[in-house]
Structure formats: C-alpha cells, structure tokens
>>> print(open('input.cif').read())   # mmCIF, C-alpha atoms
data_structure
loop_
_atom_site.label_atom_id
_atom_site.label_comp_id
_atom_site.auth_asym_id
_atom_site.auth_seq_id
_atom_site.Cartn_x
_atom_site.Cartn_y
_atom_site.Cartn_z
CA MET A 158 0.00 0.00 0.00
CA SER A 159 1.71 3.19 -1.15
CA PRO A 160 0.25 6.63 -0.53
CA ASP A 161 -1.49 7.84 -3.66
CA THR A 162 -0.90 11.54 -4.23
CA THR A 163 -1.99 11.87 -7.84
CA THR A 164 -5.77 11.86 -7.26
CA ALA A 165 -8.23 13.34 -4.79
CA HIS A 166 -8.66 9.91 -3.21
CA PRO A 167 -7.25 9.26 0.21
CA PRO A 168 -4.91 6.26 0.19
CA ALA A 169 -6.71 2.97 -0.36
CA PRO A 170 -7.19 0.72 2.65
CA ALA A 171 -5.36 -2.60 2.58
CA VAL A 172 -6.89 -4.56 -0.27
CA ARG A 173 -5.81 -8.06 0.67
CA THR A 174 -7.74 -10.15 3.16
CA SER A 175 -5.88 -10.48 6.43
CA TRP A 176 -4.75 -13.81 7.80
CA THR A 177 -7.07 -13.42 10.81
CA VAL A 178 -10.07 -13.39 8.50
CA ARG A 179 -8.79 -16.39 6.56
CA ILE A 180 -8.04 -18.44 9.67
CA VAL A 181 -11.45 -17.63 11.21
CA GLY A 182 -13.06 -18.65 7.92
CA ILE A 183 -11.22 -21.96 7.75
CA VAL A 184 -11.97 -22.82 11.40
CA ALA A 185 -15.64 -21.86 10.89
CA LEU A 186 -15.85 -24.12 7.85
CA ALA A 187 -14.24 -27.02 9.75
CA ALA A 188 -16.52 -26.58 12.78
CA THR A 189 -19.60 -26.42 10.54
CA THR A 190 -18.54 -29.58 8.72
CA ILE A 191 -18.04 -31.47 11.99
CA THR A 192 -21.42 -30.23 13.25
CA VAL A 193 -23.13 -31.48 10.10
CA TRP A 194 -21.39 -34.84 10.42
CA LEU A 195 -22.26 -35.22 14.11
CA GLY A 196 -25.77 -33.90 13.61
CA LEU A 197 -26.70 -36.09 10.67
CA TRP A 198 -24.81 -39.32 11.31
CA VAL A 199 -23.43 -39.65 14.83
CA THR A 200 -26.17 -38.36 17.13
CA PRO A 201 -29.18 -40.56 17.91
CA PRO A 202 -32.80 -39.87 16.96
CA ASP A 203 -35.00 -38.31 19.66
CA GLN A 204 -37.63 -40.19 21.69
CA VAL A 205 -40.48 -38.00 20.46
CA GLN A 206 -39.27 -36.29 17.33
CA GLY A 207 -37.15 -39.03 15.79
CA ASP A 208 -34.86 -37.67 13.09
CA LEU A 209 -36.62 -34.29 13.10
CA VAL A 210 -34.60 -33.47 16.22
CA ARG A 211 -31.55 -32.95 14.01
CA LEU A 212 -32.77 -29.43 13.24
CA VAL A 213 -31.93 -28.56 16.85
CA TYR A 214 -28.26 -28.46 15.88
CA ILE A 215 -28.83 -25.60 13.46
CA HIS A 216 -32.00 -23.63 14.25
CA PRO A 217 -31.26 -22.37 17.80
CA GLY A 218 -27.68 -21.61 16.79
CA LEU A 219 -28.90 -19.40 13.96
CA ALA A 220 -31.27 -17.62 16.35
CA TRP A 221 -28.47 -17.22 18.90
CA VAL A 222 -26.26 -15.50 16.34
CA ALA A 223 -29.02 -13.30 14.92
CA LEU A 224 -30.57 -12.11 18.17
CA TYR A 225 -27.84 -12.02 20.74
CA LEU A 226 -24.59 -11.72 18.81
CA ALA A 227 -25.50 -9.70 15.74
CA PHE A 228 -28.33 -7.49 16.96
CA GLY A 229 -26.93 -7.36 20.49
CA LEU A 230 -23.59 -6.22 19.12
CA ALA A 231 -25.33 -3.70 16.86
CA ALA A 232 -27.18 -2.28 19.87
CA ALA A 233 -24.00 -2.08 21.97
CA ALA A 234 -22.06 -0.46 19.13
CA SER A 235 -24.87 2.03 18.56
CA LEU A 236 -24.86 2.94 22.24
CA LEU A 237 -21.10 3.42 22.11
CA TYR A 238 -21.54 5.67 19.08
CA LEU A 239 -24.15 7.80 20.84
CA TRP A 240 -22.03 8.05 23.99
CA PRO A 241 -20.04 11.25 23.39
CA ARG A 242 -16.79 9.95 24.90
CA THR A 243 -16.67 6.89 22.65
CA ARG A 244 -18.20 8.48 19.55
CA SER A 245 -16.46 7.17 16.46
CA LEU A 246 -17.60 6.09 13.01
CA PHE A 247 -15.94 2.76 13.80
CA TRP A 248 -18.93 1.88 16.02
CA ASP A 249 -21.37 3.03 13.35
CA ARG A 250 -19.76 0.88 10.69
CA LEU A 251 -19.56 -2.07 13.11
CA ALA A 252 -23.26 -1.74 13.94
CA ALA A 253 -24.20 -1.55 10.27
CA SER A 254 -22.14 -4.64 9.46
CA ALA A 255 -23.56 -6.58 12.41
CA VAL A 256 -27.13 -5.69 11.44
CA GLU A 257 -26.62 -6.82 7.87
CA VAL A 258 -25.16 -10.17 8.91
CA GLY A 259 -27.82 -10.46 11.62
CA VAL A 260 -30.60 -9.99 9.07
CA VAL A 261 -29.18 -12.91 7.07
CA PHE A 262 -29.15 -15.07 10.20
CA ASN A 263 -32.63 -13.88 11.20
CA VAL A 264 -33.99 -14.94 7.80
CA CYS A 265 -32.23 -18.31 8.15
CA THR A 266 -33.75 -18.68 11.65
CA LEU A 267 -37.25 -18.14 10.27
CA ILE A 268 -36.67 -20.51 7.33
CA SER A 269 -35.14 -23.32 9.41
CA GLY A 270 -37.84 -22.90 12.05
CA SER A 271 -40.51 -23.11 9.39
CA ILE A 272 -38.96 -26.29 7.99
CA TRP A 273 -38.91 -27.72 11.52
CA GLY A 274 -42.44 -26.57 12.29
CA ARG A 275 -44.13 -28.19 9.30
CA PRO A 276 -43.43 -31.84 10.25
CA THR A 277 -43.53 -31.38 14.06
CA TRP A 278 -46.31 -28.85 14.69
CA GLY A 279 -48.06 -29.52 11.42
CA VAL A 280 -47.86 -25.94 10.12
CA TRP A 281 -45.21 -23.83 8.41
CA TRP A 282 -46.13 -20.78 10.44
CA ALA A 283 -48.22 -19.77 13.46
CA TRP A 284 -48.86 -16.31 14.80
CA ASP A 285 -47.67 -17.10 18.29
CA ALA A 286 -45.66 -14.61 20.33
CA ARG A 287 -42.23 -16.14 19.64
CA LEU A 288 -42.64 -16.39 15.88
CA THR A 289 -44.35 -13.03 15.52
CA SER A 290 -41.82 -11.13 17.64
CA THR A 291 -38.99 -12.73 15.64
CA ALA A 292 -40.60 -11.61 12.38
CA VAL A 293 -41.07 -8.12 13.84
CA LEU A 294 -37.37 -8.09 14.74
CA LEU A 295 -36.48 -8.83 11.12
CA ILE A 296 -38.74 -6.03 9.88
CA LEU A 297 -37.27 -3.57 12.40
CA PHE A 298 -33.71 -4.26 11.29
CA LEU A 299 -34.69 -4.22 7.61
CA GLY A 300 -35.99 -0.74 8.41
CA TYR A 301 -32.60 0.08 9.91
CA MET A 302 -30.92 -1.00 6.67
CA ALA A 303 -33.36 1.05 4.61
CA LEU A 304 -32.72 4.10 6.79
CA ARG A 305 -28.98 3.80 6.16
CA ARG A 306 -29.58 4.20 2.44
CA VAL A 307 -31.25 7.57 2.90
CA PRO A 308 -28.65 10.07 1.72
CA ALA A 309 -27.13 12.00 4.62
CA GLU A 310 -23.86 13.13 6.06
CA PRO A 311 -22.04 10.18 7.68
CA GLU A 312 -22.45 11.67 11.19
CA VAL A 313 -26.16 12.36 10.71
CA ARG A 314 -26.73 8.90 9.32
CA ALA A 315 -24.75 7.32 12.14
CA LYS A 316 -26.76 9.12 14.79
CA ARG A 317 -30.20 8.37 13.45
CA SER A 318 -29.22 4.77 12.68
CA ALA A 319 -27.97 4.32 16.23
CA PHE A 320 -31.28 5.51 17.66
CA VAL A 321 -33.21 3.14 15.41
CA ALA A 322 -30.94 0.23 16.33
CA LEU A 323 -31.55 0.86 20.03
CA PHE A 324 -35.29 1.09 19.43
CA ALA A 325 -35.27 -2.16 17.45
CA ALA A 326 -33.19 -3.85 20.13
CA VAL A 327 -36.09 -3.50 22.59
CA ASP A 328 -37.59 -6.46 20.74
CA ILE A 329 -34.62 -8.75 21.53
CA PRO A 330 -35.60 -9.51 25.16
CA ILE A 331 -39.24 -9.73 24.05
CA VAL A 332 -38.31 -12.49 21.59
CA HIS A 333 -36.23 -14.25 24.23
CA PHE A 334 -38.83 -14.17 27.00
CA SER A 335 -41.90 -14.54 24.78
CA VAL A 336 -42.07 -18.27 25.50
CA LEU A 337 -42.20 -17.51 29.25
CA TRP A 338 -44.48 -14.46 29.19
CA TRP A 339 -47.14 -15.86 26.90
CA LYS A 340 -48.55 -19.21 25.91
CA THR A 341 -46.82 -20.08 22.66
CA LEU A 342 -46.75 -22.93 20.21
CA HIS A 343 -42.98 -22.65 20.23
CA GLN A 344 -41.28 -24.66 22.96
CA GLY A 345 -39.37 -23.06 25.79
CA ALA A 346 -35.61 -22.70 26.01
CA THR A 347 -33.52 -25.87 26.19
CA VAL A 348 -30.25 -24.36 27.41
CA LEU A 349 -31.00 -20.84 28.67
CA ASN A 350 -34.13 -21.92 30.58
CA PRO A 351 -35.11 -20.39 33.93
CA ASN A 352 -33.36 -23.17 35.87
CA LEU A 353 -30.30 -22.97 33.62
CA SER A 354 -30.25 -26.75 33.47
CA PRO A 355 -30.05 -27.88 29.84
CA THR A 356 -32.70 -30.47 29.00
CA ILE A 357 -30.67 -32.19 26.31
CA HIS A 358 -28.39 -35.10 26.87
CA GLY A 359 -25.23 -36.87 25.80
CA SER A 360 -23.92 -36.48 22.30
CA MET A 361 -26.92 -34.32 21.38
CA ALA A 362 -25.81 -31.69 23.88
CA TRP A 363 -22.22 -31.71 22.63
CA THR A 364 -23.32 -31.40 19.04
CA LEU A 365 -25.69 -28.57 19.95
CA LEU A 366 -22.81 -26.77 21.68
CA LEU A 367 -20.51 -27.31 18.70
CA GLY A 368 -23.25 -26.00 16.40
CA PHE A 369 -23.39 -22.80 18.46
CA VAL A 370 -19.60 -22.43 18.26
CA ALA A 371 -19.56 -23.13 14.51
CA LEU A 372 -22.29 -20.62 13.70
CA THR A 373 -20.65 -18.05 15.99
CA LEU A 374 -17.42 -18.45 14.00
CA VAL A 375 -19.33 -18.13 10.74
CA PHE A 376 -20.83 -14.92 12.13
CA VAL A 377 -17.42 -13.53 13.15
CA TRP A 378 -16.04 -14.31 9.71
CA MET A 379 -18.97 -12.68 7.92
CA LEU A 380 -18.77 -9.67 10.22
CA LEU A 381 -15.06 -9.15 9.57
CA VAL A 382 -15.56 -9.44 5.81
CA ARG A 383 -18.59 -7.13 5.86
CA TYR A 384 -16.78 -4.56 7.97
CA ARG A 385 -13.91 -4.52 5.49
CA ILE A 386 -16.33 -4.09 2.59
CA GLY A 387 -17.82 -1.19 4.56
CA VAL A 388 -14.40 0.44 4.87
CA LEU A 389 -13.79 0.06 1.13
CA GLU A 390 -17.30 1.30 0.30
CA ASP A 391 -16.83 4.41 2.40
CA TRP A 392 -13.47 5.04 0.81
CA LEU A 393 -14.92 4.69 -2.69
CA GLY A 394 -18.01 6.68 -1.72
CA VAL A 395 -15.96 9.66 -0.54
CA GLY A 396 -14.02 9.66 -3.80
CA GLU A 397 -17.16 9.42 -5.90
CA LEU A 398 -18.71 12.35 -4.11
CA ASP A 399 -15.62 14.48 -4.77
CA VAL A 400 -15.64 13.49 -8.42
CA ALA A 401 -19.34 14.30 -8.70
CA LEU A 402 -18.83 17.69 -7.05
CA ARG A 403 -16.01 18.56 -9.42
CA GLU A 404 -18.10 17.54 -12.40
CA ARG A 405 -20.97 19.76 -11.27
CA GLN A 406 -18.51 22.61 -10.72
CA ALA A 407 -17.05 22.12 -14.20
CA GLU A 408 -20.55 22.13 -15.67
CA GLY A 409 -21.35 25.35 -13.83
CA ALA A 410 -18.12 26.89 -15.15
CA THR A 411 -18.96 25.90 -18.74
CA VAL A 412 -22.41 27.44 -18.47
CA ASP A 413 -20.93 30.67 -17.06
CA GLU A 414 -18.48 30.74 -19.93
CA GLY A 415 -21.28 30.26 -22.48
CA GLU A 416 -23.34 33.07 -20.95
CA ALA A 417 -20.37 35.44 -20.93
CA ALA A 418 -19.53 34.81 -24.59
CA MET B 231 -27.21 22.28 -3.56
CA THR B 232 -23.94 21.35 -5.21
CA THR B 233 -23.77 24.17 -7.75
CA ALA B 234 -20.62 26.23 -7.84
CA PRO B 235 -20.72 29.60 -6.10
CA PRO B 236 -21.62 32.37 -8.57
CA SER B 237 -18.37 33.71 -9.91
CA THR B 238 -18.08 37.40 -10.83
CA SER B 239 -15.35 36.81 -13.40
CA PRO B 240 -15.55 33.92 -15.86
CA PRO B 241 -12.65 31.43 -15.80
CA ALA B 242 -9.77 32.38 -18.08
CA GLY B 243 -9.54 29.18 -20.10
CA GLY B 244 -11.14 25.77 -20.49
CA GLY B 245 -8.06 23.79 -19.43
CA ASP B 246 -7.81 25.28 -15.96
CA PRO B 247 -7.66 22.86 -13.07
CA PRO B 248 -10.92 22.90 -11.13
CA GLU B 249 -11.19 25.23 -8.19
CA PRO B 250 -10.57 23.74 -4.77
CA LEU B 251 -13.74 22.25 -3.31
CA PRO B 252 -15.79 24.43 -1.03
CA PRO B 253 -16.10 23.04 2.49
CA ARG B 254 -18.81 20.40 2.34
CA ARG B 255 -20.44 21.38 5.59
CA PRO B 256 -20.85 24.50 7.63
CA ALA B 257 -18.87 24.61 10.83
CA ALA B 258 -19.99 22.18 13.50
CA LYS B 259 -22.93 23.29 15.58
CA ALA B 260 -22.29 24.45 19.08
CA PRO B 261 -22.45 21.35 21.29
CA THR B 262 -25.69 20.85 23.20
CA ARG B 263 -25.45 21.66 26.86
CA PRO B 264 -24.95 18.56 29.02
CA SER B 265 -28.17 19.24 30.96
CA HIS B 266 -30.12 19.20 27.69
CA ARG B 267 -28.46 16.01 26.58
CA LEU B 268 -29.28 14.38 29.88
CA ARG B 269 -32.90 15.46 29.57
CA TYR B 270 -33.20 14.08 26.04
CA GLY B 271 -31.57 10.85 27.17
CA LEU B 272 -34.01 10.51 30.05
CA VAL B 273 -36.98 11.16 27.80
CA GLY B 274 -35.67 8.53 25.38
CA VAL B 275 -35.19 5.97 28.10
CA ILE B 276 -38.69 6.61 29.47
CA LEU B 277 -40.20 6.31 25.98
CA VAL B 278 -38.46 3.03 25.25
CA ALA B 279 -39.26 1.62 28.68
CA SER B 280 -42.94 2.53 28.40
CA PHE B 281 -43.09 1.07 24.90
CA ALA B 282 -41.71 -2.21 26.22
CA PHE B 283 -43.98 -2.11 29.26
CA LEU B 284 -47.06 -1.54 27.09
CA LEU B 285 -46.07 -4.34 24.77
CA VAL B 286 -45.56 -6.79 27.60
CA LYS B 287 -48.30 -5.87 30.08
CA GLY B 288 -50.82 -3.92 28.04
CA LEU B 289 -51.29 -6.59 25.44
CA GLY B 290 -51.04 -9.20 28.18
CA SER B 291 -52.94 -12.37 27.50
CA ALA B 292 -54.08 -11.09 24.09
CA LEU B 293 -50.78 -12.46 22.85
CA ASP B 294 -51.44 -15.95 24.18
CA PHE B 295 -51.63 -18.41 21.33
CA TYR B 296 -54.20 -20.68 22.96
CA LEU B 297 -56.56 -21.33 25.86
CA THR B 298 -55.93 -24.42 27.94
CA ALA B 299 -58.83 -26.86 28.12
CA ASP B 300 -59.73 -25.87 31.70
CA GLN B 301 -59.69 -22.15 30.79
CA ALA B 302 -61.83 -22.85 27.72
CA VAL B 303 -64.41 -24.85 29.69
CA ALA B 304 -64.55 -22.12 32.34
CA GLN B 305 -65.18 -19.48 29.62
CA GLN B 306 -67.43 -21.65 27.47
CA ALA B 307 -70.46 -19.37 27.87
CA SER B 308 -68.64 -16.28 26.62
CA LEU B 309 -66.77 -18.17 23.89
CA GLY B 310 -70.00 -19.49 22.33
CA SER B 311 -69.20 -20.85 18.87
CA LYS B 312 -66.21 -18.57 18.36
CA THR B 313 -63.13 -20.19 16.77
CA PHE B 314 -60.06 -20.34 19.02
CA ASN B 315 -57.00 -22.46 19.79
CA LEU B 316 -57.51 -25.07 22.49
CA GLU B 317 -54.60 -26.73 24.26
CA GLY B 318 -54.50 -29.95 26.25
CA THR B 319 -52.62 -33.21 26.64
CA VAL B 320 -53.99 -36.18 24.72
CA GLU B 321 -55.45 -38.71 27.18
CA PRO B 322 -54.12 -42.27 26.96
CA GLY B 323 -56.51 -44.64 25.20
CA SER B 324 -58.79 -41.86 23.98
CA ILE B 325 -57.76 -41.72 20.31
CA HIS B 326 -60.38 -43.22 17.97
CA PRO B 327 -60.21 -42.86 14.19
CA THR B 328 -63.45 -41.62 12.62
CA PRO B 329 -64.55 -41.72 8.93
CA ASN B 330 -63.30 -38.18 8.31
CA GLY B 331 -60.73 -37.68 11.06
CA VAL B 332 -60.03 -38.56 14.64
CA ASP B 333 -61.71 -38.33 18.07
CA PHE B 334 -59.76 -37.90 21.26
CA VAL B 335 -59.89 -36.39 24.74
CA VAL B 336 -57.58 -33.66 25.95
CA ALA B 337 -56.78 -33.12 29.61
CA SER B 338 -55.76 -29.92 31.34
CA GLY B 339 -55.67 -29.89 35.13
CA SER B 340 -58.74 -31.85 36.21
CA THR B 341 -60.70 -30.91 33.06
CA ARG B 342 -61.34 -33.48 30.32
CA LEU B 343 -62.69 -32.30 26.97
CA GLU B 344 -63.76 -34.35 23.97
CA VAL B 345 -62.28 -33.16 20.65
CA ASP B 346 -63.77 -34.16 17.30
CA ASN B 347 -61.27 -33.40 14.57
CA THR B 348 -61.78 -33.43 10.82
CA GLY B 349 -58.66 -34.34 8.86
CA SER B 350 -55.56 -36.29 9.82
CA PRO B 351 -53.34 -34.93 12.60
CA PRO B 352 -49.56 -34.35 12.16
CA GLN B 353 -47.17 -37.30 12.37
CA LEU B 354 -46.06 -36.60 15.96
CA PHE B 355 -49.64 -36.77 17.25
CA GLU B 356 -49.93 -39.41 20.00
CA VAL B 357 -51.12 -39.90 23.56
CA GLY B 358 -49.41 -37.97 26.33
CA ILE B 359 -48.37 -35.09 24.06
CA PRO B 360 -49.76 -31.56 24.38
CA VAL B 361 -51.67 -30.54 21.26
CA ILE B 362 -53.49 -27.45 20.05
CA ALA B 363 -56.82 -27.92 18.30
CA VAL B 364 -58.17 -25.08 16.14
CA GLY B 365 -61.96 -24.98 16.25
CA HIS B 366 -65.01 -24.13 18.37
CA PHE B 367 -67.39 -25.55 20.95
CA SER B 368 -70.38 -27.54 19.76
CA GLY B 369 -72.31 -28.49 22.84
CA SER B 370 -69.88 -30.13 25.23
CA THR B 371 -67.45 -31.26 22.51
CA PHE B 372 -64.84 -29.22 20.72
CA VAL B 373 -65.08 -29.42 16.94
CA SER B 374 -61.78 -28.76 15.20
CA ASP B 375 -60.38 -28.93 11.71
CA GLN B 376 -56.68 -28.61 12.51
CA ILE B 377 -54.33 -30.12 15.08
CA LEU B 378 -50.97 -28.59 15.96
CA VAL B 379 -48.56 -30.69 17.98
CA LYS B 380 -46.63 -28.88 20.67
CA HIS B 381 -43.32 -30.52 21.38
CA SER B 382 -41.27 -29.90 24.48
CA SER B 383 -37.76 -28.49 24.63
CA ASN B 384 -36.44 -31.77 26.03
CA TYR B 385 -34.29 -33.90 23.81
CA ILE B 386 -33.66 -37.48 24.87
CA ALA B 387 -32.05 -40.20 22.80
CA LYS B 388 -34.50 -42.76 21.42
CA TYR B 389 -32.18 -45.67 22.16
CA PRO B 390 -30.20 -44.45 25.16
CA GLY B 391 -28.24 -47.69 25.36
CA ARG B 392 -26.70 -47.05 21.98
CA VAL B 393 -25.02 -43.81 22.88
CA THR B 394 -22.89 -43.76 25.97
CA ALA B 395 -19.78 -41.75 25.29
CA PRO B 396 -20.17 -38.01 25.86
CA ASN B 397 -17.98 -37.23 22.85
CA GLY B 398 -20.66 -38.29 20.42
CA THR B 399 -19.35 -41.68 19.43
CA LYS B 400 -21.75 -44.56 19.05
CA ARG B 401 -21.19 -47.89 20.68
#
>>> encode(input="input.cif", output="structure tokens")
Amino acid sequence: MSPDTTTAHPPAPAVRTSWTVRIVGIVALAATTITVWLGLWVTPPDQVQGDLVRLVYIHPGLAWVALYLAFGLAAAASLLYLWPRTRSLFWDRLAASAVEVGVVFNVCTLISGSIWGRPTWGVWWAWDARLTSTAVLLILFLGYMALRRVPAEPEVRAKRSAFVALFAAVDIPIVHFSVLWWKTLHQGATVLNPNLSPTIHGSMAWTLLLGFVALTLVFVWMLLVRYRIGVLEDWLGVGELDVALRERQAEGATVDEGEAA
Amino acid sequence: MTTAPPSTSPPAGGGDPPEPLPPRRPAAKAPTRPSHRLRYGLVGVILVASFAFLLVKGLGSALDFYLTADQAVAQQASLGSKTFNLEGTVEPGSIHPTPNGVDFVVASGSTRLEVDNTGSPPQLFEVGIPVIAVGHFSGSTFVSDQILVKHSSNYIAKYPGRVTAPNGTKR
C-alpha cells in the first residue's frame, strides 16, 4: 500500500484479506462440517421427534447469532456511538455490518424454524408470540438498513441509525422471554431456561454446543468481511462524491463561460 | 445544492484545473449543553421503557396463542361458537379414528374435553403429548379442523443404550 498523491482519493485501505479473516473462515468451515457430520450421522434420533430433532443443531444456533450476537452487538455499538466519549464512526460501521449479517441469520432462523415446524407442529407458520416477535425483529432491522440508504452526512446517518438500532433492540428480550411471558406454540428454552439446566443429553448436547460455536465463528467471519467491505465502500463513496462535485462545478463553469460569450 | 458559487469573473480558459472544493459542511454546531443532553436521554429511556412495558403488560394475555382446556371450559359461555385455539394433553386410550378424522380427549388440570377433529393430525400426534386444536365448541365437545402438535424443549435419545460416550461416538 503506497500513498497515492496523484488523485483526490485518500490512500486505499489494505486490499488483501488479512490472515485473521482467513483463519477464522477456515476454522468456521471445519466446525460447521463437523457439526453437520455429528448432527446427521453420529447423534441418535430423539424419543419424540425421531430424526426431526436434528434441526436442533442448526436452528437455535442461527437464532443465537441473529438475536444475541449480531443485533446485540449492533445495539451495543450504537450505544457506544451515541455516547459522546466513545463516539467514532468505527462503532457506526460495526453496527451496520452486524445488522446486515444479523438480518441474514434472522432470515435463516425463520426458514429453518418453518422447515422444523411443518413436520412437528403440522404448520409452516403460526402467529404465536415467539414467531411473531422474531418476524417483527427482522422487519425492524430491515428498516434500519433502509434508513442507512437515505442520503445523509455520515455523522447524521450514524446518529439516526444508532437511535433506530436501540429502538429495534427492545424487541430482543421480548423475543427471548416470549415463551415464558405468553402461551406459545414454540417450545421453551432448552439451554437458557429459567433453571439454567439444559434439558438435552449426551452427544446431542455436545453437538448442539458445537453447532453454536460453529455458527458463531461463521458470524465472526462474515462480520469481519462485511466490515472490510464497509471500509472500502466508504473510501470509494468519498471519492465518488468528490468526483461528482467537481463535475458539477465544471458544468457550472462551462455554463458561465457560455453566458459570458 | 452542489452548484458552484456564482463567480463574478468567468474562468480564463477551459483547461484550468478545477477550483478547490468548497467546504462540504458548515462549521460544526455548538455542542448541546450537558443538561439538555441528559434530559433528552431521560426522555428517550422513558419512551423506550414505556413502549416495552405496554407491549408486555398492556397486550397481556391477548398475545397468548391458545386457551388451555380448563380455561376454555370455564369461559365456554362467553366463547360461544367462536373459533379459538384449544390446548390440552392427549389422554391415553382416547384416540379413535373416525370416517373423516379422529376423536380424542384432551386433559388440562382436572378438566377433560372431547375433541372431534376433521382431517388427519400431524405425524407426531400421539397420547401424552400436548396438542393445540383449532376450532369451536359444539355443545360439550370441541369441533376442530386442525391439530398442531406442541413438542417440548427436552431432547432425549430414542435408544439411550446405543449412545454412551459423551464425545458423540456410538457404541
């Protein structure tokens, strides 16, 4: 990376992917592969659900990443942006990246849950409190992403986005506790239940745990990559704006010239 | 918004380098006084907290997905023939296939309620499992056209003898 002095662009950020990102990606891939192997071939069928239980190795893990890691991180980063002493566009970009990855995981949570619900409950979807609040969470954070595309100065956008992220994050505990607060079709928590005594046994528990670790690593990898894309986007965006401004200026100058002649 | 400032003298030639960019923004606003910021923060916190409180308490049982069989029987007069979701555990020995569906009894507390369902229930339907029937009262029976099977959050191996090692290997 050499400083570029010939154009209006600030120097480009490092273009190559760092080794941290690559190693996280490789470990995430390996952990996911082992989870799939354990989940589909090694673990036993369940007493009640039979082979349908195998969705437990993926669905709660996806929800864990979406709700607590991605949206939780987005809320924390937004708070740190709004806090004057820690205000930095780093937190804004981190929150935006986390939300985007979280939306992907939220969609995957809804899809995998739907696939699990059809054979067990008998329906693809039910308007119970858990499912509805999860869908509302997705809509709230899609709104966050839409808001970010409204043209504004980076600081203005960061501030309003942070407020919206904090507002949307109110739904996170509602999703989590919905199965306790209301009567739902969705079952209660297996691991993070009120007694904190996991009601899953043996190899199923280990595979569930590994699934959580694997999906967490996938999340970290996606977040790192998305953050880097954000840095590059901002860098390109700043340059494009300068170019556009100069073009408008040049146009204005040409018109002035024409009028004077 | 992005037009060049009106220039009094036209540029000398076409090949001139463009003028330096005007500052993109006016100078930063004077920072808000801390007392104001605190007040806005407090108002925000109160708004968010009351929103959450309303959502949780105000909507209350309106967000419940079903009535348990004992609740339904207690409210039978006011429910009339309204369609709702009824929950109860399938009583052992109570499942009887009918020409167009299945008959069974659900239990909830000390209440027993006969359910007459049209259509075949989901594959996990069996005795001792909590189910939700979608339908309405017809006399003292509950007439439904859909069964949802609630499963618990407990996962237990079907053949516990086969899996002993905690590392996931099968014996």
>>> closest_residue(input="input.cif", among="A:Leu372, A:Leu237, A:Ile180, A:Ala188", to="A:Thr266", atoms="all atoms listed in the file")
A:Leu372
>>> interface_residues(input="input.cif", of="chain A", to="chain B", cutoff="7 Å", atoms="only C-alpha atoms", output="JSON, numbers by chain")
{"A": [199, 200, 201, 202, 203, 204, 206, 276, 277, 278, 279, 285, 286, 324, 327, 339, 340, 341, 342, 344, 345, 346, 347, 356, 357, 358, 359, 360, 363, 402, 403, 405, 406, 407, 409, 413, 414]}
>>> atom_distance(input="input.cif", atom1="atom CA of A:Trp281", atom2="atom CA of A:Ser269")
10.1 Å
>>> closest_residue(input="input.cif", among="A:Ala185, A:Ala232, A:Leu366, A:Val332", to="A:Trp378", atoms="only C-alpha atoms")
A:Ala185
>>> atom_distance(input="input.cif", atom1="atom CA of A:Leu294", atom2="atom CA of A:Ala223")
9.8 Å
>>> closest_residue(input="input.cif", among="A:Trp248, A:Ala220, A:Pro311, A:Pro241", to="A:Ile268", atoms="all atoms listed in the file")
A:Ala220
>>> atom_distance(input="input.cif", atom1="atom CA of A:Leu212", atom2="atom CA of A:Phe298")
25.3 Å
>>> residues_around(input="input.cif", residues="B:Ser308", least_positions_apart="6", cutoff="12 Å", atoms="all atoms listed in the file", output="ChimeraX atom specification")
/B:301-302,366-367
>>> resolve_selection(input="input.cif", expression="the PyMOL selection byres ((chain B and resi 311) around 12)", output="ChimeraX atom specification")
/B:302,305-310,312-314,365-374
>>> write_last_selection(input="input.cif", atoms="C-alpha atoms", output="mmCIF file, keeping the file's coordinate frame")
data_model
loop_
_atom_site.group_PDB
_atom_site.id
_atom_site.type_symbol
_atom_site.label_atom_id
_atom_site.label_comp_id
_atom_site.auth_asym_id
_atom_site.auth_seq_id
_atom_site.Cartn_x
_atom_site.Cartn_y
_atom_site.Cartn_z
ATOM 1 C CA ALA B 302 -61.830 -22.850 27.720
ATOM 2 C CA GLN B 305 -65.180 -19.480 29.620
ATOM 3 C CA GLN B 306 -67.430 -21.650 27.470
ATOM 4 C CA ALA B 307 -70.460 -19.370 27.870
ATOM 5 C CA SER B 308 -68.640 -16.280 26.620
ATOM 6 C CA LEU B 309 -66.770 -18.170 23.890
ATOM 7 C CA GLY B 310 -70.000 -19.490 22.330
ATOM 8 C CA LYS B 312 -66.210 -18.570 18.360
ATOM 9 C CA THR B 313 -63.130 -20.190 16.770
ATOM 10 C CA PHE B 314 -60.060 -20.340 19.020
ATOM 11 C CA GLY B 365 -61.960 -24.980 16.250
ATOM 12 C CA HIS B 366 -65.010 -24.130 18.370
ATOM 13 C CA PHE B 367 -67.390 -25.550 20.950
ATOM 14 C CA SER B 368 -70.380 -27.540 19.760
ATOM 15 C CA GLY B 369 -72.310 -28.490 22.840
ATOM 16 C CA SER B 370 -69.880 -30.130 25.230
ATOM 17 C CA THR B 371 -67.450 -31.260 22.510
ATOM 18 C CA PHE B 372 -64.840 -29.220 20.720
ATOM 19 C CA VAL B 373 -65.080 -29.420 16.940
ATOM 20 C CA SER B 374 -61.780 -28.760 15.200
#
>>> closest_residue(input="input.cif", among="B:Ala337, B:Asn330, B:Val273, B:Gly358", to="B:Asp375", atoms="all atoms listed in the file")
B:Asn330
>>> closest_residue(input="input.cif", among="A:Pro351, A:Ala315, A:Leu295, A:Thr289", to="A:Ser245", atoms="all atoms listed in the file")
A:Ala315
>>> resolve_selection(input="input.cif", expression="the PyMOL selection byres ((chain B and resi 326) around 12)", output="VMD selection string")
chain B and resid 320 to 325 327 to 335 344 to 347 350 356 to 357
>>> write_last_selection(input="input.cif", atoms="C-alpha atoms", output="short mmCIF file (atom, residue, chain, number, x, y, z; two decimals), keeping the file's coordinate frame")
data_model
loop_
_atom_site.label_atom_id
_atom_site.label_comp_id
_atom_site.auth_asym_id
_atom_site.auth_seq_id
_atom_site.Cartn_x
_atom_site.Cartn_y
_atom_site.Cartn_z
CA VAL B 320 -53.99 -36.18 24.72
CA GLU B 321 -55.45 -38.71 27.18
CA PRO B 322 -54.12 -42.27 26.96
CA GLY B 323 -56.51 -44.64 25.20
CA SER B 324 -58.79 -41.86 23.98
CA ILE B 325 -57.76 -41.72 20.31
CA PRO B 327 -60.21 -42.86 14.19
CA THR B 328 -63.45 -41.62 12.62
CA PRO B 329 -64.55 -41.72 8.93
CA ASN B 330 -63.30 -38.18 8.31
CA GLY B 331 -60.73 -37.68 11.06
CA VAL B 332 -60.03 -38.56 14.64
CA ASP B 333 -61.71 -38.33 18.07
CA PHE B 334 -59.76 -37.90 21.26
CA VAL B 335 -59.89 -36.39 24.74
CA GLU B 344 -63.76 -34.35 23.97
CA VAL B 345 -62.28 -33.16 20.65
CA ASP B 346 -63.77 -34.16 17.30
CA ASN B 347 -61.27 -33.40 14.57
CA SER B 350 -55.56 -36.29 9.82
CA GLU B 356 -49.93 -39.41 20.00
CA VAL B 357 -51.12 -39.90 23.56
#
